[in-house]
Structure formats: C-alpha cells, structure tokens
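So this block is data06.txt, compact mmCIF, C-alpha atoms:
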# COMPACT_ATOMS: atom_id res chain seq x y z
CA MET Q 1 -34.05 32.28 16.05
CA ALA Q 2 -33.08 29.24 13.99
CA LYS Q 3 -31.61 29.63 10.51
CA PRO Q 4 -32.33 26.94 7.87
CA LYS Q 5 -29.43 24.70 6.90
CA VAL Q 6 -30.15 25.09 3.15
CA PRO Q 7 -30.81 28.17 0.95
CA ILE Q 8 -34.47 29.28 0.81
CA SER Q 9 -35.82 31.00 -2.33
CA ILE Q 10 -37.51 33.85 -0.47
CA ASN Q 11 -36.82 35.69 2.75
CA GLU Q 12 -40.34 36.07 4.05
CA LEU Q 13 -43.70 34.42 3.86
CA LYS Q 14 -46.28 35.58 6.35
CA PHE Q 15 -43.68 34.87 9.01
CA SER Q 16 -39.93 35.17 8.84
CA ILE Q 17 -38.01 32.11 7.62
CA GLU Q 18 -36.29 31.92 11.01
CA ASP Q 19 -39.66 31.66 12.77
CA ILE Q 20 -40.82 28.92 10.40
CA GLU Q 21 -37.59 26.98 10.93
CA ASP Q 22 -38.43 26.65 14.61
CA PHE Q 23 -41.51 24.66 13.58
CA LEU Q 24 -39.87 22.67 10.76
CA ALA Q 25 -36.72 21.54 12.55
CA ALA Q 26 -37.00 18.11 14.17
CA PRO Q 27 -36.87 18.18 17.98
CA GLN Q 28 -33.43 17.47 19.45
CA ASP Q 29 -33.47 16.37 23.07
CA PRO Q 30 -30.06 16.80 24.74
CA ARG Q 31 -30.69 13.63 26.78
CA PHE Q 32 -30.08 11.58 23.64
CA GLN Q 33 -26.89 13.36 22.57
CA VAL Q 34 -24.67 11.97 25.31
CA PRO Q 35 -21.20 11.92 23.70
CA TYR Q 36 -19.93 8.48 22.75
CA GLU Q 37 -16.41 7.90 24.04
CA PRO Q 38 -14.04 7.14 21.12
CA LYS Q 39 -12.38 3.75 21.01
CA LYS Q 40 -9.87 1.75 18.98
CA TRP Q 41 -10.41 -1.68 17.48
CA VAL Q 42 -7.84 -4.04 16.00
CA ALA Q 43 -9.16 -6.35 13.28
CA LYS Q 44 -8.00 -9.95 12.89
CA ASP Q 45 -5.71 -8.88 10.05
CA GLY Q 46 -3.96 -6.48 12.41
CA SER Q 47 -5.37 -3.28 10.92
CA VAL Q 48 -6.54 -0.57 13.32
CA VAL Q 49 -9.70 1.52 13.13
CA TYR Q 50 -11.12 4.24 15.33
CA VAL Q 51 -14.77 4.58 16.34
CA ARG Q 52 -16.02 8.03 17.25
CA PRO Q 53 -19.06 10.30 17.03
CA ALA Q 54 -19.54 12.11 13.74
CA GLU Q 55 -19.93 15.87 13.62
CA LYS Q 56 -22.50 17.56 11.40
CA SER Q 57 -19.70 19.48 9.71
CA GLU Q 58 -18.44 16.08 8.47
CA ALA Q 59 -21.68 15.28 6.65
CA PRO Q 60 -20.30 16.32 3.23
CA ALA Q 61 -17.51 13.72 3.46
CA ILE Q 62 -20.04 11.04 4.47
CA LEU Q 63 -22.50 12.01 1.74
CA GLN Q 64 -19.76 12.09 -0.89
CA THR Q 65 -18.99 8.47 -0.05
CA LEU Q 66 -22.61 7.32 0.09
CA LYS Q 67 -23.55 9.06 -3.16
CA ARG Q 68 -21.30 6.69 -5.11
CA LEU Q 69 -23.37 3.73 -3.90
CA ILE Q 70 -26.58 5.16 -5.36
CA ASP Q 71 -25.96 3.33 -8.60
CA ASN Q 72 -27.10 0.04 -10.12
CA ALA Q 73 -23.47 -1.03 -10.20
CA TYR Q 74 -23.81 -1.63 -6.45
CA ASP Q 75 -27.17 -3.38 -6.59
CA ARG Q 76 -25.89 -6.46 -4.80
CA ASP Q 77 -25.85 -7.39 -1.13
CA PHE Q 78 -28.40 -4.53 -0.78
CA TYR Q 79 -25.62 -1.92 -0.84
CA HIS Q 80 -27.66 0.19 -3.28
CA LEU Q 81 -30.75 0.24 -1.04
CA VAL Q 82 -28.84 0.76 2.21
CA GLY Q 83 -26.69 3.43 0.57
CA VAL Q 84 -29.61 5.56 -0.61
CA ARG Q 85 -31.51 5.22 2.66
CA THR Q 86 -28.46 6.07 4.73
CA TYR Q 87 -27.75 9.06 2.47
CA SER Q 88 -31.20 10.49 3.18
CA GLU Q 89 -30.82 9.91 6.94
CA VAL Q 90 -27.41 11.59 7.13
CA LEU Q 91 -28.68 14.51 5.05
CA ALA Q 92 -31.71 14.87 7.32
CA TRP Q 93 -29.43 14.70 10.37
CA ALA Q 94 -27.19 17.46 8.99
CA GLN Q 95 -30.16 19.65 8.09
CA ASN Q 96 -32.18 19.09 11.27
CA ARG Q 97 -34.96 17.06 9.67
CA ILE Q 98 -34.77 13.88 11.73
CA LYS Q 99 -35.60 13.60 15.42
CA ASP Q 100 -32.90 12.69 17.94
CA SER Q 101 -30.52 11.01 15.51
CA TYR Q 102 -26.96 9.95 16.34
CA VAL Q 103 -24.20 9.11 13.85
CA ILE Q 104 -21.00 7.19 14.59
CA VAL Q 105 -18.14 6.79 12.12
CA VAL Q 106 -15.36 4.21 11.89
CA THR Q 107 -12.16 5.58 10.39
CA SER Q 108 -8.68 4.50 9.46
CA PRO Q 109 -5.81 5.94 11.54
CA SER Q 110 -5.58 8.75 8.96
CA GLY Q 111 -9.30 9.59 9.10
CA GLU Q 112 -10.59 7.77 6.01
CA LEU Q 113 -14.20 6.64 6.42
CA GLU Q 114 -14.41 2.83 6.66
CA ALA Q 115 -17.86 2.28 8.15
CA LEU Q 116 -20.89 4.21 9.34
CA VAL Q 117 -23.71 3.48 11.79
CA ASN Q 118 -26.68 5.58 12.81
CA HIS Q 119 -29.65 5.32 15.12
CA ARG Q 120 -32.26 7.54 16.68
CA PHE Q 121 -34.25 7.68 19.86
CA TRP Q 122 -38.01 7.14 19.85
CA ASP Q 123 -38.13 8.18 23.51
CA GLU Q 124 -36.21 7.56 26.72
CA ASN Q 125 -37.09 3.85 26.57
CA VAL Q 126 -36.57 2.84 22.93
CA ALA Q 127 -33.71 3.39 20.49
CA ILE Q 128 -34.30 2.71 16.80
CA SER Q 129 -31.49 1.20 14.74
CA LEU Q 130 -31.32 2.86 11.33
CA HIS Q 131 -28.39 1.59 9.24
CA THR Q 132 -25.00 -0.06 9.41
CA ILE Q 133 -22.81 0.13 6.33
CA THR Q 134 -19.16 -0.78 5.76
CA PHE Q 135 -16.98 0.47 2.92
CA LYS Q 136 -14.00 -1.74 3.77
CA ARG Q 137 -14.93 -5.35 4.39
CA LYS Q 138 -12.73 -6.53 7.22
CA SER Q 139 -13.46 -9.52 9.38
CA GLU Q 140 -16.30 -8.52 11.74
CA LEU Q 141 -15.99 -4.77 11.10
CA GLY Q 142 -19.75 -4.47 10.60
CA ILE Q 143 -20.53 -6.42 13.76
CA MET Q 144 -18.16 -4.25 15.79
CA ALA Q 145 -19.69 -1.08 14.35
CA TYR Q 146 -23.24 -2.26 14.99
CA ALA Q 147 -22.32 -3.11 18.58
CA SER Q 148 -20.97 0.41 19.03
CA LYS Q 149 -24.31 2.09 18.42
CA ILE Q 150 -26.11 -0.38 20.68
CA GLU Q 151 -23.51 0.44 23.32
CA HIS Q 152 -24.27 4.14 22.94
CA ALA Q 153 -28.01 3.57 23.34
CA PHE Q 154 -27.81 1.27 26.37
CA ASP Q 155 -24.65 2.29 28.22
CA TYR Q 156 -24.53 6.03 27.52
CA VAL Q 157 -28.16 7.09 27.09
CA GLY Q 158 -29.80 4.35 29.15
CA VAL Q 159 -32.69 3.09 27.02
CA LYS Q 160 -34.53 -0.11 27.88
CA GLU Q 161 -34.92 -1.63 24.38
CA TRP Q 162 -33.09 -1.57 21.04
CA TRP Q 163 -35.28 -2.01 17.94
CA ALA Q 164 -33.88 -3.06 14.58
CA THR Q 165 -34.99 -4.40 11.23
CA PHE Q 166 -32.78 -6.09 8.66
CA GLU Q 167 -32.68 -5.49 4.91
CA SER Q 168 -30.08 -8.05 3.87
CA PRO Q 169 -29.07 -11.62 4.74
CA PHE Q 170 -25.85 -10.21 6.22
CA GLY Q 171 -27.86 -7.95 8.51
CA PHE Q 172 -30.14 -10.77 9.58
CA ARG Q 173 -27.15 -12.95 10.41
CA MET Q 174 -25.77 -10.15 12.54
CA GLY Q 175 -29.07 -9.81 14.39
CA PHE Q 176 -29.15 -13.56 14.96
CA ARG Q 177 -25.69 -13.41 16.53
CA PHE Q 178 -26.83 -10.57 18.79
CA VAL Q 179 -29.70 -12.65 20.20
CA HIS Q 180 -32.44 -10.38 18.83
CA GLN Q 181 -35.99 -11.39 19.68
CA THR Q 182 -39.04 -10.61 17.52
CA LYS Q 183 -41.96 -8.37 18.37
CA PRO Q 184 -45.42 -9.54 17.16
CA TRP Q 185 -46.02 -8.43 13.58
CA PRO Q 186 -47.96 -6.48 12.29
CA ALA Q 187 -48.82 -5.12 15.73
CA TYR Q 188 -45.24 -3.80 15.89
CA GLN Q 189 -43.68 -2.46 12.69
CA HIS Q 190 -40.25 -0.95 12.23
CA GLU Q 191 -40.24 2.57 10.80
CA LEU Q 192 -37.90 1.52 7.98
CA GLY Q 193 -40.65 0.28 5.68
CA GLY Q 194 -42.83 -1.52 8.19
CA GLY Q 195 -40.71 -4.65 8.49
CA ARG Q 196 -40.52 -6.88 11.54
CA VAL Q 197 -39.08 -5.44 14.72
CA TYR Q 198 -36.14 -7.41 16.10
CA TYR Q 199 -35.15 -6.21 19.54
CA VAL Q 200 -32.69 -6.58 22.40
CA ASP Q 201 -33.52 -5.46 25.92
CA LYS Q 202 -31.10 -4.03 28.48
CA GLN Q 203 -30.95 -7.20 30.55
CA THR Q 204 -30.01 -9.33 27.53
CA TRP Q 205 -27.42 -6.76 26.49
CA ASP Q 206 -25.78 -6.76 29.91
CA SER Q 207 -25.95 -10.47 30.65
CA VAL Q 208 -25.52 -12.12 27.26
CA VAL Q 209 -24.64 -9.90 24.31
CA LYS Q 210 -21.99 -7.58 25.73
CA PRO Q 211 -20.06 -10.33 27.56
CA LYS Q 212 -19.97 -12.37 24.34
CA LEU Q 213 -18.73 -9.33 22.39
CA LYS Q 214 -15.99 -8.70 24.95
CA GLU Q 215 -14.96 -12.34 24.80
CA ARG Q 216 -14.61 -12.09 21.02
CA GLY Q 217 -12.72 -8.80 21.17
CA LEU Q 218 -15.48 -6.81 19.51
CA MET Q 219 -15.95 -4.02 22.03
CA GLY Q 220 -12.74 -2.18 21.24
CA GLU Q 221 -10.23 -0.52 23.55
CA ARG Q 222 -10.34 2.70 25.54
CA PRO Q 223 -9.00 5.27 26.13
CA VAL Q 224 -7.78 6.67 22.83
CA SER Q 225 -4.99 9.21 23.12
CA LYS Q 226 -5.59 12.78 21.95
CA GLU Q 227 -2.77 12.38 19.44
CA GLU Q 228 -4.34 9.29 17.86
CA LEU Q 229 -7.83 10.78 17.80
CA GLN Q 230 -6.63 14.07 16.31
CA LYS Q 231 -5.31 12.20 13.27
CA THR Q 232 -8.85 11.01 12.43
CA TYR Q 233 -9.82 14.64 11.72
CA PRO Q 234 -10.84 15.91 9.28
CA LEU Q 235 -12.96 12.97 8.16
CA LYS Q 236 -12.01 11.90 4.65
CA PRO Q 237 -14.36 10.27 2.09
CA THR Q 238 -13.65 6.62 1.32
CA GLU Q 239 -11.08 6.46 -1.46
CA LYS Q 240 -11.82 2.95 -2.71
CA PHE Q 241 -14.66 0.61 -1.84
CA GLU Q 242 -13.54 -2.84 -0.73
CA ILE Q 243 -16.95 -4.49 -0.49
CA GLU Q 244 -16.66 -7.43 -2.83
CA ILE Q 245 -16.53 -10.90 -1.26

Could you render the structure as structure tokens?
Amino acid sequence: MAKPKVPISINELKFSIEDIEDFLAAPQDPRFQVPYEPKKWVAKDGSVVYVRPAEKSEAPAILQTLKRLIDNAYDRDFYHLVGVRTYSEVLAWAQNRIKDSYVIVVTSPSGELEALVNHRFWDENVAISLHTITFKRKSELGIMAYASKIEHAFDYVGVKEWWATFESPFGFRMGFRFVHQTKPWPAYQHELGGGRVYYVDKQTWDSVVKPKLKERGLMGERPVSKEELQKTYPLKPTEKFEIEI
C-alpha cells in the first residue's frame, strides 16, 4: 500500500487513499534508477565540486534554492523560466508525480548546492533531458553538469538516444558544442513546450562527444573517497547566487 507524499484532506473516498495512490503515482522502473557513481571535478580556477545523485529527502534543500529564482528579479538569461520549471520537476520527483526521473546535484566540498541537472526516461531507448541550472557560474560548470546526466543515460542505463531542447542562448550553445542533431519538426516535439528535439545518439557519444569532453577535462575524476563524499551530506541550499556575468 502506497502512502501519499503530501497531506490529503480526507481519509477515504470510495476507496482508501492508499489504494488511490497506487494509481496516481507515476511508474518508477528500477532499470532507470541505476546509481550514478559520484565524481570530483576541478574547475579552471582551482575550485573543487562533487557530482552525485540526489536523494528525495534532499528535495527541500533543492526547492528552497529554486524558489528564490521564481521572481522577476531573475528574469534574465532565462533563469526565471528555468527556475520555475525545474522547481515543478523536482517537486514532482519528490512526490512521485513524474515518471522515471533522475536528479543529479553538484555540490561544494561542504555540501552547498552549486548546480542541478535532471532527466527522465521515455523508455529503454530514449532519455529526455529536462533542465540544467547552475547557481555558481564557474568556467564550464554547466557543461560538465550537463555531460554528467548524459553519461548516466548512456553509460549507466544504456539508452540509444538523448533528447534535449534548449530555452536559452547559453543552452543552445552547449548543445552545439555537444554535436546535437535535430529531429524533423513538428513531427518530433520535445515535451518541454513542444520545441525542437535536439539529440545525440550512443555512437556519437562514444566516438565524438565523450572523447572531446575527456580531452577538455570535463568528465571529472573517480573514485571519490568515502570521507570526501560524506562531507557533501546533508545537502545545503545555495547561500548566495553567483549568476551574473
């Protein structure tokens, strides 16, 4: 019997709330929840970040950070739009209302949230990129984080194609660097508003994209010691946004 993740006003309808939850909760296929191995990345300025899977218990810290971006003060570089959409996706992930979603966080050595990426699996062949958002603008932090979720989809789960759409010029530039191709539009539409689908297939990832990322030092380093990883828990909300250019 599944219990809802949020309070419900009544205990029974015609069926028990627990029975209804079984129908309302989005399906979660264990094939798509292959754990992503944590890694460490050193930025060009020498600062260190850690990339690891998020836990649903950490959703409040993530949402606390994202909530601050849902404000006209951040209506530049599409931070406002990406912030509100990512907030809804993380909330749906935490409350079992999105199918086969996966969230990866990038933290400082002390566990402060610096970036966030999420994606979900359409099926065993296609992974859908949702959002990439950075709260500390370091050289190529966003590109490294975006590469991490593609790595999870291709190298850990084993999909055949990665589908993305881009909401900002910065996102489009990142897709261009990752050799994304374009599906015919409107025959193929991305679920984030029906925009164009930009995709990478497994062969291109293995033969072109990943080697280039390794050459540029954007794949990070493994393994991460237990002592280092432990310090990234509990996840802490971002103290100060550093997103101005």

Query raised in the report: So which residues touch Trp185 in chain Q within 9 Å, counting only C-alpha atoms, skipping near sequence neighbours fewer than 2 positions away, as a list in words?
Result: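 Those residues are Thr182, Lys183, Ala187, Tyr188, Gln189, Gly195, Arg196 and Val197 of chain Q.
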
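What separates CA of Thr132 in chain Q from CA of Val117 in chain Q is a distance of 4.5 Å.
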
Query raised in the report: Which residue out of Q:Ile133, Q:Val224, Q:Leu91, Q:Val82 has the minimum interatomic distance to Lys5 in chain Q when all atoms listed in the file are used?
Result: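 Ranked by minimum distance to Lys5 in chain Q, first place goes to Q:Leu91.
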
Report task. Report the distance between CA of Leu218 in chain Q and CA of Pro169 in chain Q in Å, rounded to one decimal place. Result ->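 Distance reported for this atom pair: 20.6 Å.
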
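Nearest residue to Trp163 in chain Q, choosing from Q:Glu228, Q:Glu239, Q:Glu151, Q:Asp201 and counting all atoms listed in the file: Q:Asp201.
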
Query raised in the report: Can you tell me, as a list in words, what residues are no more than 10 Å from range 72-79 of chain Q when counting only C-alpha atoms, ignoring any on the same chain fewer than 5 positions away?
Result: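 Selected residues are Leu66, Val84, Arg85, Ile133, Thr134, Phe135, Glu167, Ser168, Pro169, Phe170, Gly171, Ile243, Glu244 and Ile245 of chain Q.
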
Report task. Have a look at Q:Pro109, Q:Gly142, Q:Gly194, Q:Pro4 and name the one nearest to Glu227 in chain Q; count only C-alpha atoms. Result ->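 Of Q:Pro109, Q:Gly142, Q:Gly194, Q:Pro4, the one nearest Glu227 in chain Q, counting only C-alpha atoms, is Q:Pro109.
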
Counting only C-alpha atoms, which residues of range 166-242 of chain Q fall within 9 Å of range 111-116 of chain Q, and what is the closest atom pair for each with its distance in Å at one decimal, ordered by chain and rising number, as CSV?
residue,atom,partner,partner_atom,distance
Q:Leu229,CA,Q:Gly111,CA,8.9
Q:Gln230,CA,Q:Gly111,CA,8.9
Q:Lys231,CA,Q:Gly111,CA,6.3
Q:Thr232,CA,Q:Gly111,CA,3.6
Q:Tyr233,CA,Q:Gly111,CA,5.7
Q:Pro234,CA,Q:Gly111,CA,6.5
Q:Leu235,CA,Q:Gly111,CA,5.1
Q:Lys236,CA,Q:Glu112,CA,4.6
Q:Pro237,CA,Q:Leu113,CA,5.7
Q:Thr238,CA,Q:Leu113,CA,5.1
Q:Glu239,CA,Q:Glu112,CA,7.6
Q:Phe241,CA,Q:Glu114,CA,8.8

Please produce a file of those selected residues containing C-alpha atoms, as a short mmCIF file (atom, residue, chain, number, x, y, z; two decimals), keeping the file's coordinate frame.
data_model
loop_
_atom_site.label_atom_id
_atom_site.label_comp_id
_atom_site.auth_asym_id
_atom_site.auth_seq_id
_atom_site.Cartn_x
_atom_site.Cartn_y
_atom_site.Cartn_z
CA LEU Q 229 -7.83 10.78 17.80
CA GLN Q 230 -6.63 14.07 16.31
CA LYS Q 231 -5.31 12.20 13.27
CA THR Q 232 -8.85 11.01 12.43
CA TYR Q 233 -9.82 14.64 11.72
CA PRO Q 234 -10.84 15.91 9.28
CA LEU Q 235 -12.96 12.97 8.16
CA LYS Q 236 -12.01 11.90 4.65
CA PRO Q 237 -14.36 10.27 2.09
CA THR Q 238 -13.65 6.62 1.32
CA GLU Q 239 -11.08 6.46 -1.46
CA PHE Q 241 -14.66 0.61 -1.84
#

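With all atoms listed in the file as the basis for measurement, Q:Thr86 is the residue among Q:Asn125, Q:Asn11, Q:Gln28, Q:Thr86 that approaches Val103 in chain Q most closely.
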
Which residues come within 12 Å of Lys210 in chain Q, counting only C-alpha atoms, excluding same-chain residues fewer than 6 positions away, as a compact mmCIF listing (two decimals) with C-alpha atoms, in the frame of the given file?
# COMPACT_ATOMS: atom_id res chain seq x y z
CA MET Q 144 -18.16 -4.25 15.79
CA ALA Q 147 -22.32 -3.11 18.58
CA SER Q 148 -20.97 0.41 19.03
CA ILE Q 150 -26.11 -0.38 20.68
CA GLU Q 151 -23.51 0.44 23.32
CA PHE Q 154 -27.81 1.27 26.37
CA ASP Q 155 -24.65 2.29 28.22
CA ARG Q 177 -25.69 -13.41 16.53
CA PHE Q 178 -26.83 -10.57 18.79
CA VAL Q 179 -29.70 -12.65 20.20
CA VAL Q 200 -32.69 -6.58 22.40
CA ASP Q 201 -33.52 -5.46 25.92
CA LYS Q 202 -31.10 -4.03 28.48
CA GLN Q 203 -30.95 -7.20 30.55
CA THR Q 204 -30.01 -9.33 27.53
CA ARG Q 216 -14.61 -12.09 21.02
CA GLY Q 217 -12.72 -8.80 21.17
CA LEU Q 218 -15.48 -6.81 19.51
CA MET Q 219 -15.95 -4.02 22.03
CA GLY Q 220 -12.74 -2.18 21.24

Query raised in the report: Suppose you want the space between CA of Asp123 in chain Q and CA of Val159 in chain Q; what is it in Å?
Result: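 If I compute the distance from CA of Asp123 in chain Q to CA of Val159 in chain Q, I get 8.2 Å.
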
Query - Distance query 12 Å from (-24.0, 16.0, -1.9) using all atoms listed in the file, result as number ranges by chain - result: Q: 58-68, 70, 84, 87-88, 90-91, 94, 237

Requested in this report: Find the residues around Asp100 in chain Q up to 7 Å (all atoms listed in the file counted), leave out those fewer than 5 positions away in its own chain, and share them as a PyMOL selection string.
Outcome: chain Q and resi 27-29+32+120-121

Pull range 90-104 of chain Q out of the block and emit C-alpha atoms, as a short mmCIF file (atom, residue, chain, number, x, y, z; two decimals), in the first residue's frame.
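As written to disk, out34.cif reads:
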data_model
loop_
_atom_site.label_atom_id
_atom_site.label_comp_id
_atom_site.auth_asym_id
_atom_site.auth_seq_id
_atom_site.Cartn_x
_atom_site.Cartn_y
_atom_site.Cartn_z
CA VAL Q 90 11.90 18.37 -8.53
CA LEU Q 91 8.65 18.65 -6.56
CA ALA Q 92 7.00 16.06 -8.82
CA TRP Q 93 10.05 13.80 -8.43
CA ALA Q 94 9.90 14.04 -4.63
CA GLN Q 95 6.15 13.38 -4.58
CA ASN Q 96 6.10 10.58 -7.16
CA ARG Q 97 4.32 12.52 -9.88
CA ILE Q 98 6.83 12.23 -12.70
CA LYS Q 99 7.77 9.02 -14.49
CA ASP Q 100 11.30 7.63 -14.23
CA SER Q 101 13.04 10.87 -13.31
CA TYR Q 102 16.64 11.15 -12.14
CA VAL Q 103 18.24 14.11 -10.35
CA ILE Q 104 21.96 14.81 -10.01
#
